[in-house]
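S.K.: query-v9.cif is the file, holding mmCIF, C-alpha atoms:
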```
data_input
loop_
_atom_site.label_atom_id
_atom_site.label_comp_id
_atom_site.auth_asym_id
_atom_site.auth_seq_id
_atom_site.Cartn_x
_atom_site.Cartn_y
_atom_site.Cartn_z
CA MET A 1 -34.85 -14.75 -1.49
CA SER A 2 -31.44 -15.25 0.11
CA PRO A 3 -28.26 -14.41 -1.81
CA LEU A 4 -26.26 -17.21 -3.38
CA PRO A 5 -23.24 -18.41 -1.44
CA PRO A 6 -19.86 -17.28 -2.81
CA THR A 7 -18.10 -19.51 -5.31
CA PRO A 8 -15.32 -21.46 -3.58
CA SER A 9 -11.72 -20.52 -4.33
CA GLN A 10 -9.69 -22.49 -6.81
CA THR A 11 -5.94 -22.71 -6.99
CA VAL A 12 -4.10 -20.07 -9.02
CA GLY A 13 -2.34 -21.12 -12.23
CA PRO A 14 -0.12 -22.21 -13.77
CA PHE A 15 -2.48 -21.51 -16.68
CA TYR A 16 -1.51 -17.83 -16.87
CA GLY A 17 1.99 -18.44 -18.27
CA TYR A 18 0.88 -18.27 -21.87
CA ALA A 19 -1.01 -14.97 -21.96
CA LEU A 20 -0.10 -12.74 -19.01
CA PRO A 21 3.67 -12.27 -19.30
CA PHE A 22 4.63 -9.81 -22.03
CA PRO A 23 7.92 -8.96 -23.74
CA THR A 24 9.93 -6.38 -21.76
CA GLY A 25 7.60 -6.89 -18.78
CA GLY A 26 10.53 -6.55 -16.40
CA GLU A 27 11.99 -3.46 -18.07
CA ILE A 28 10.19 -0.85 -15.96
CA ALA A 29 12.90 1.82 -16.24
CA PRO A 30 13.15 3.78 -19.49
CA ALA A 31 15.83 2.34 -21.77
CA GLY A 32 19.32 3.61 -20.95
CA HIS A 33 18.25 5.60 -17.88
CA PRO A 34 21.40 6.24 -15.77
CA ASP A 35 19.61 5.61 -12.43
CA THR A 36 18.34 2.13 -13.35
CA ILE A 37 18.62 -0.52 -10.65
CA THR A 38 18.23 -4.28 -11.02
CA VAL A 39 16.18 -6.28 -8.53
CA ARG A 40 16.40 -10.04 -8.86
CA GLY A 41 15.54 -13.10 -6.85
CA VAL A 42 14.08 -16.58 -6.73
CA VAL A 43 10.57 -17.72 -5.75
CA LEU A 44 10.83 -20.73 -3.43
CA ASP A 45 8.32 -23.21 -1.98
CA GLY A 46 8.21 -24.49 1.61
CA ALA A 47 10.91 -27.08 0.93
CA GLY A 48 13.24 -24.41 -0.45
CA GLN A 49 12.74 -25.60 -4.04
CA PRO A 50 12.44 -23.04 -6.84
CA ILE A 51 9.02 -22.47 -8.41
CA PRO A 52 9.47 -22.34 -12.20
CA ASP A 53 6.02 -21.10 -13.13
CA ALA A 54 5.23 -18.23 -10.77
CA LEU A 55 4.22 -14.79 -12.01
CA LEU A 56 5.12 -11.51 -10.27
CA GLU A 57 3.58 -8.09 -10.75
CA ILE A 58 5.54 -5.09 -9.52
CA TRP A 59 4.03 -1.68 -8.80
CA GLN A 60 5.96 1.26 -7.44
CA ALA A 61 6.19 5.00 -7.02
CA GLY A 62 8.52 6.90 -9.31
CA PRO A 63 11.76 8.39 -7.96
CA ASP A 64 9.80 11.57 -7.15
CA GLY A 65 7.25 9.57 -5.08
CA ASP A 66 4.49 9.92 -7.68
CA LEU A 67 2.22 6.86 -7.57
CA THR A 68 0.34 7.51 -10.81
CA GLY A 69 2.94 6.31 -13.33
CA ARG A 70 2.48 6.73 -17.06
CA PRO A 71 0.43 4.51 -19.34
CA GLY A 72 2.32 2.38 -21.79
CA SER A 73 3.27 -1.00 -20.34
CA MET A 74 0.95 -2.83 -22.73
CA ARG A 75 0.90 -0.70 -25.90
CA ARG A 76 -0.86 -2.39 -28.82
CA ASP A 77 -0.37 -1.94 -32.55
CA PRO A 78 -3.58 -0.24 -33.75
CA VAL A 79 -3.43 -2.11 -37.06
CA THR A 80 -2.59 -5.67 -36.05
CA GLY A 81 -3.55 -5.61 -32.36
CA GLY A 82 -0.15 -7.14 -31.57
CA PHE A 83 2.10 -6.08 -28.73
CA LEU A 84 4.16 -2.99 -29.56
CA GLY A 85 6.20 -2.96 -26.38
CA ARG A 86 7.03 -0.13 -24.06
CA ASP A 87 7.91 3.16 -25.69
CA GLY A 88 11.29 3.15 -23.90
CA VAL A 89 10.83 6.73 -22.69
CA ASP A 90 8.08 6.85 -20.06
CA PHE A 91 8.28 5.37 -16.57
CA THR A 92 5.09 3.36 -15.95
CA GLY A 93 5.81 2.05 -12.43
CA PHE A 94 4.43 -1.36 -13.45
CA GLY A 95 6.07 -4.61 -14.47
CA ARG A 96 5.08 -8.24 -14.87
CA VAL A 97 7.56 -11.11 -15.02
CA ALA A 98 7.35 -14.86 -15.02
CA THR A 99 9.93 -16.93 -13.17
CA ASP A 100 12.35 -18.95 -15.26
CA ALA A 101 13.04 -22.69 -15.04
CA ASP A 102 15.16 -22.08 -11.91
CA GLY A 103 12.51 -19.94 -10.20
CA GLY A 104 14.47 -16.77 -10.98
CA TRP A 105 13.07 -13.37 -11.84
CA VAL A 106 14.57 -9.97 -12.73
CA VAL A 107 13.22 -6.44 -13.07
CA ARG A 108 15.09 -3.30 -14.09
CA THR A 109 13.52 -0.20 -12.65
CA LEU A 110 14.19 3.18 -11.08
CA PRO A 111 14.65 3.51 -7.31
CA PRO A 112 11.24 4.20 -5.77
CA GLY A 113 10.78 7.50 -3.97
CA PRO A 114 8.77 8.07 -0.79
CA HIS A 115 5.05 8.48 -1.59
CA ARG A 116 4.76 10.96 1.31
CA PRO A 117 7.40 12.83 3.35
CA GLY A 118 9.27 10.49 5.69
CA ALA A 119 7.78 7.29 4.20
CA ALA A 120 10.02 4.36 3.40
CA PRO A 121 10.09 3.76 -0.38
CA TYR A 122 9.25 0.25 -1.54
CA LEU A 123 8.22 -1.86 -4.50
CA SER A 124 4.85 -3.60 -4.17
CA VAL A 125 4.79 -7.21 -5.34
CA CYS A 126 1.87 -9.49 -6.16
CA VAL A 127 2.74 -13.19 -6.42
CA PHE A 128 0.75 -15.73 -8.43
CA ALA A 129 1.84 -19.36 -8.19
CA ARG A 130 0.43 -22.87 -8.51
CA GLY A 131 -1.21 -24.16 -5.39
CA LEU A 132 -2.21 -20.72 -4.09
CA LEU A 133 -5.90 -20.11 -3.48
CA HIS A 134 -5.34 -16.35 -3.72
CA HIS A 135 -2.49 -14.22 -4.98
CA LEU A 136 -0.12 -12.87 -2.31
CA PHE A 137 1.04 -9.31 -1.67
CA THR A 138 4.40 -8.31 -0.25
CA ARG A 139 6.85 -5.41 -0.41
CA ILE A 140 10.51 -4.96 -1.29
CA TYR A 141 12.24 -2.31 0.79
CA LEU A 142 15.70 -1.16 -0.29
CA PRO A 143 18.34 -0.88 2.47
CA GLU A 144 19.48 2.71 1.78
CA HIS A 145 16.70 4.42 3.71
CA ALA A 146 17.63 3.47 7.30
CA ASP A 147 15.76 6.32 9.05
CA ALA A 148 12.57 5.81 7.02
CA LEU A 149 12.79 2.02 7.46
CA ALA A 150 13.07 2.43 11.24
CA ALA A 151 9.91 4.58 11.26
CA ASP A 152 7.87 2.47 8.81
CA PRO A 153 4.66 1.21 10.50
CA VAL A 154 4.59 -2.10 8.59
CA LEU A 155 8.20 -2.94 9.43
CA GLY A 156 7.79 -1.64 12.98
CA ALA A 157 4.92 -4.07 13.63
CA LEU A 158 7.12 -7.09 12.85
CA PRO A 159 9.74 -8.89 14.92
CA PRO A 160 13.28 -8.37 13.52
CA GLU A 161 13.54 -11.84 11.93
CA ARG A 162 10.25 -11.32 10.07
CA ARG A 163 11.15 -7.74 9.11
CA ALA A 164 14.27 -9.06 7.37
CA THR A 165 12.09 -10.96 4.87
CA LEU A 166 10.96 -7.62 3.39
CA LEU A 167 14.44 -6.11 2.98
CA ALA A 168 16.36 -6.54 -0.26
CA GLU A 169 20.07 -7.28 0.01
CA ARG A 170 22.50 -5.25 -2.06
CA ASP A 171 24.44 -7.54 -4.43
CA HIS A 172 26.47 -4.91 -6.26
CA ASP A 173 26.39 -1.16 -6.72
CA ARG A 174 22.98 -1.03 -8.41
CA THR A 175 21.78 -4.62 -8.03
CA TYR A 176 19.60 -6.05 -5.24
CA ARG A 177 18.53 -9.57 -4.30
CA PHE A 178 15.08 -10.38 -2.95
CA ASP A 179 14.01 -14.01 -2.67
CA ILE A 180 10.34 -14.78 -2.05
CA ARG A 181 9.65 -17.78 0.17
CA LEU A 182 6.03 -18.90 -0.04
CA GLN A 183 6.37 -20.98 3.16
CA GLY A 184 8.95 -21.43 5.88
CA GLY A 185 10.06 -24.85 6.95
CA ASP A 186 13.20 -25.56 4.97
CA GLY A 187 15.30 -25.41 8.12
CA GLY A 188 16.22 -21.87 8.97
CA HIS A 189 14.52 -19.63 6.44
CA GLU A 190 11.51 -17.54 7.30
CA GLU A 191 8.48 -17.32 5.04
CA THR A 192 8.30 -13.93 3.35
CA VAL A 193 5.87 -11.60 5.10
CA PHE A 194 2.69 -11.29 3.06
CA LEU A 195 0.19 -8.46 3.54
CA ALA A 196 -3.59 -8.64 3.77
CA PHE A 197 -5.71 -5.81 2.39
CA ALA A 198 -9.33 -5.36 3.39
#
```
The structure in this file should be written as structure tokens.

M.R.:
Amino acid sequence: MSPLPPTPSQTVGPFYGYALPFPTGGEIAPAGHPDTITVRGVVLDGAGQPIPDALLEIWQAGPDGDLTGRPGSMRRDPVTGGFLGRDGVDFTGFGRVATDADGGWVVRTLPPGPHRPGAAPYLSVCVFARGLLHHLFTRIYLPEHADALAADPVLGALPPERRATLLAERDHDRTYRFDIRLQGGDGGHEETVFLAFA
């Protein structure tokens, strides 16, 4: 008996907007932490138009490079089963945010540390949006780590104009901008580099 063929892919969302985002999903850093940074951006389609119903998941190493994080992003009330929120103390390394009506998104987190000596720190991003057959993976590299960025194998395998799509731009002292372009073609902007994992 031969195995059944795989089920064909279907487009992603926008059905997830009602259940997957959670309050404080973008508040990855513990409340009031002095090293908190803000990373913000817009998710854009191939025509350069904002996507108002995308969902982003962020994973990252802690400032010490630890990839394990702490549990607590989705704490539940043991009595009611409702969402309790983050405890405001522990760093989980995980966030989930929906884009707003203008395609904008914001997370507040701690600067990621290198997960091994000499590695370039980054935030991992998974993008869910209408019209996608599969979610997309990308990275956000912060510009402070010039030596590590120059030695990073992912960045090193890309031409300079494509590499730039993975680098956040510093807006202010502790604020960065990182727009995600799902396709190129709006006259001068490159599609964000997306990664494939086997």

S.K.: Could you name the residues that touch region 164-166 of chain A at 7 Å or less, counting all atoms listed in the file, but leaving out those on the same chain fewer than 4 positions away, as a VMD selection string?

M.R.: chain A and resid 139 to 141 160 192 to 193

S.K.: If you apply the PyMOL selection byres ((chain A and resi 101) around 9) to this file, what residues do you get, as a ChimeraX atom specification?

M.R.: /A:50-53,99-100,102-104

S.K.: Put those residues in a file: C-alpha atoms, as a short mmCIF file (atom, residue, chain, number, x, y, z; two decimals), in the frame of the given file.

M.R.:
```
data_model
loop_
_atom_site.label_atom_id
_atom_site.label_comp_id
_atom_site.auth_asym_id
_atom_site.auth_seq_id
_atom_site.Cartn_x
_atom_site.Cartn_y
_atom_site.Cartn_z
CA PRO A 50 12.44 -23.04 -6.84
CA ILE A 51 9.02 -22.47 -8.41
CA PRO A 52 9.47 -22.34 -12.20
CA ASP A 53 6.02 -21.10 -13.13
CA THR A 99 9.93 -16.93 -13.17
CA ASP A 100 12.35 -18.95 -15.26
CA ASP A 102 15.16 -22.08 -11.91
CA GLY A 103 12.51 -19.94 -10.20
CA GLY A 104 14.47 -16.77 -10.98
#
```

S.K.: With all atoms listed in the file as the atoms that count, which of A:Leu142, A:Phe137, A:Val154, A:Glu191 lies nearest to Leu167 (chain A)?

M.R.: A:Leu142

S.K.: Could you tell me which of A:Gly184, A:Pro34, A:Phe197, A:Leu55 comes closest to Ala129 (chain A) if we count only C-alpha atoms?

M.R.: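 Of A:Gly184, A:Pro34, A:Phe197, A:Leu55, the one nearest Ala129 (chain A), counting only C-alpha atoms, is A:Leu55.
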
S.K.: Enter the distance from CA of Phe178 (chain A) to CA of Phe194 (chain A), in Å, rounded to one decimal.

M.R.: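 Value for the CA of Phe178 (chain A)-CA of Phe194 (chain A) distance: 13.8 Å.
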
S.K.: Please measure the separation of CA of Val39 (chain A) and CA of Arg108 (chain A), giving the value in Å to one decimal.

M.R.: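 That distance, rounded to one decimal, is 6.4 Å.
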
S.K.: Could you state which residues are captured by the PyMOL selection byres ((chain A and resi 60) around 6) in this file, as a list of chain:residue names?

M.R.: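 This file, filtered by the PyMOL selection byres ((chain A and resi 60) around 6), leaves A:Trp59, A:Ala61, A:Gly93, A:Leu123, A:Ser124.
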
S.K.: A:Leu67, A:Val125, A:Val42, A:Phe91: which is nearest Thr109 (chain A), counting only C-alpha atoms?

M.R.: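 Nearest candidate to Thr109 (chain A) out of A:Leu67, A:Val125, A:Val42, A:Phe91: A:Phe91.
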
S.K.: Can you turn the PyMOL selection byres ((chain A and resi 66) around 10) into a concrete residue list for this file, as number ranges by chain?

M.R.: A: 60-65, 67-69, 93, 112-116
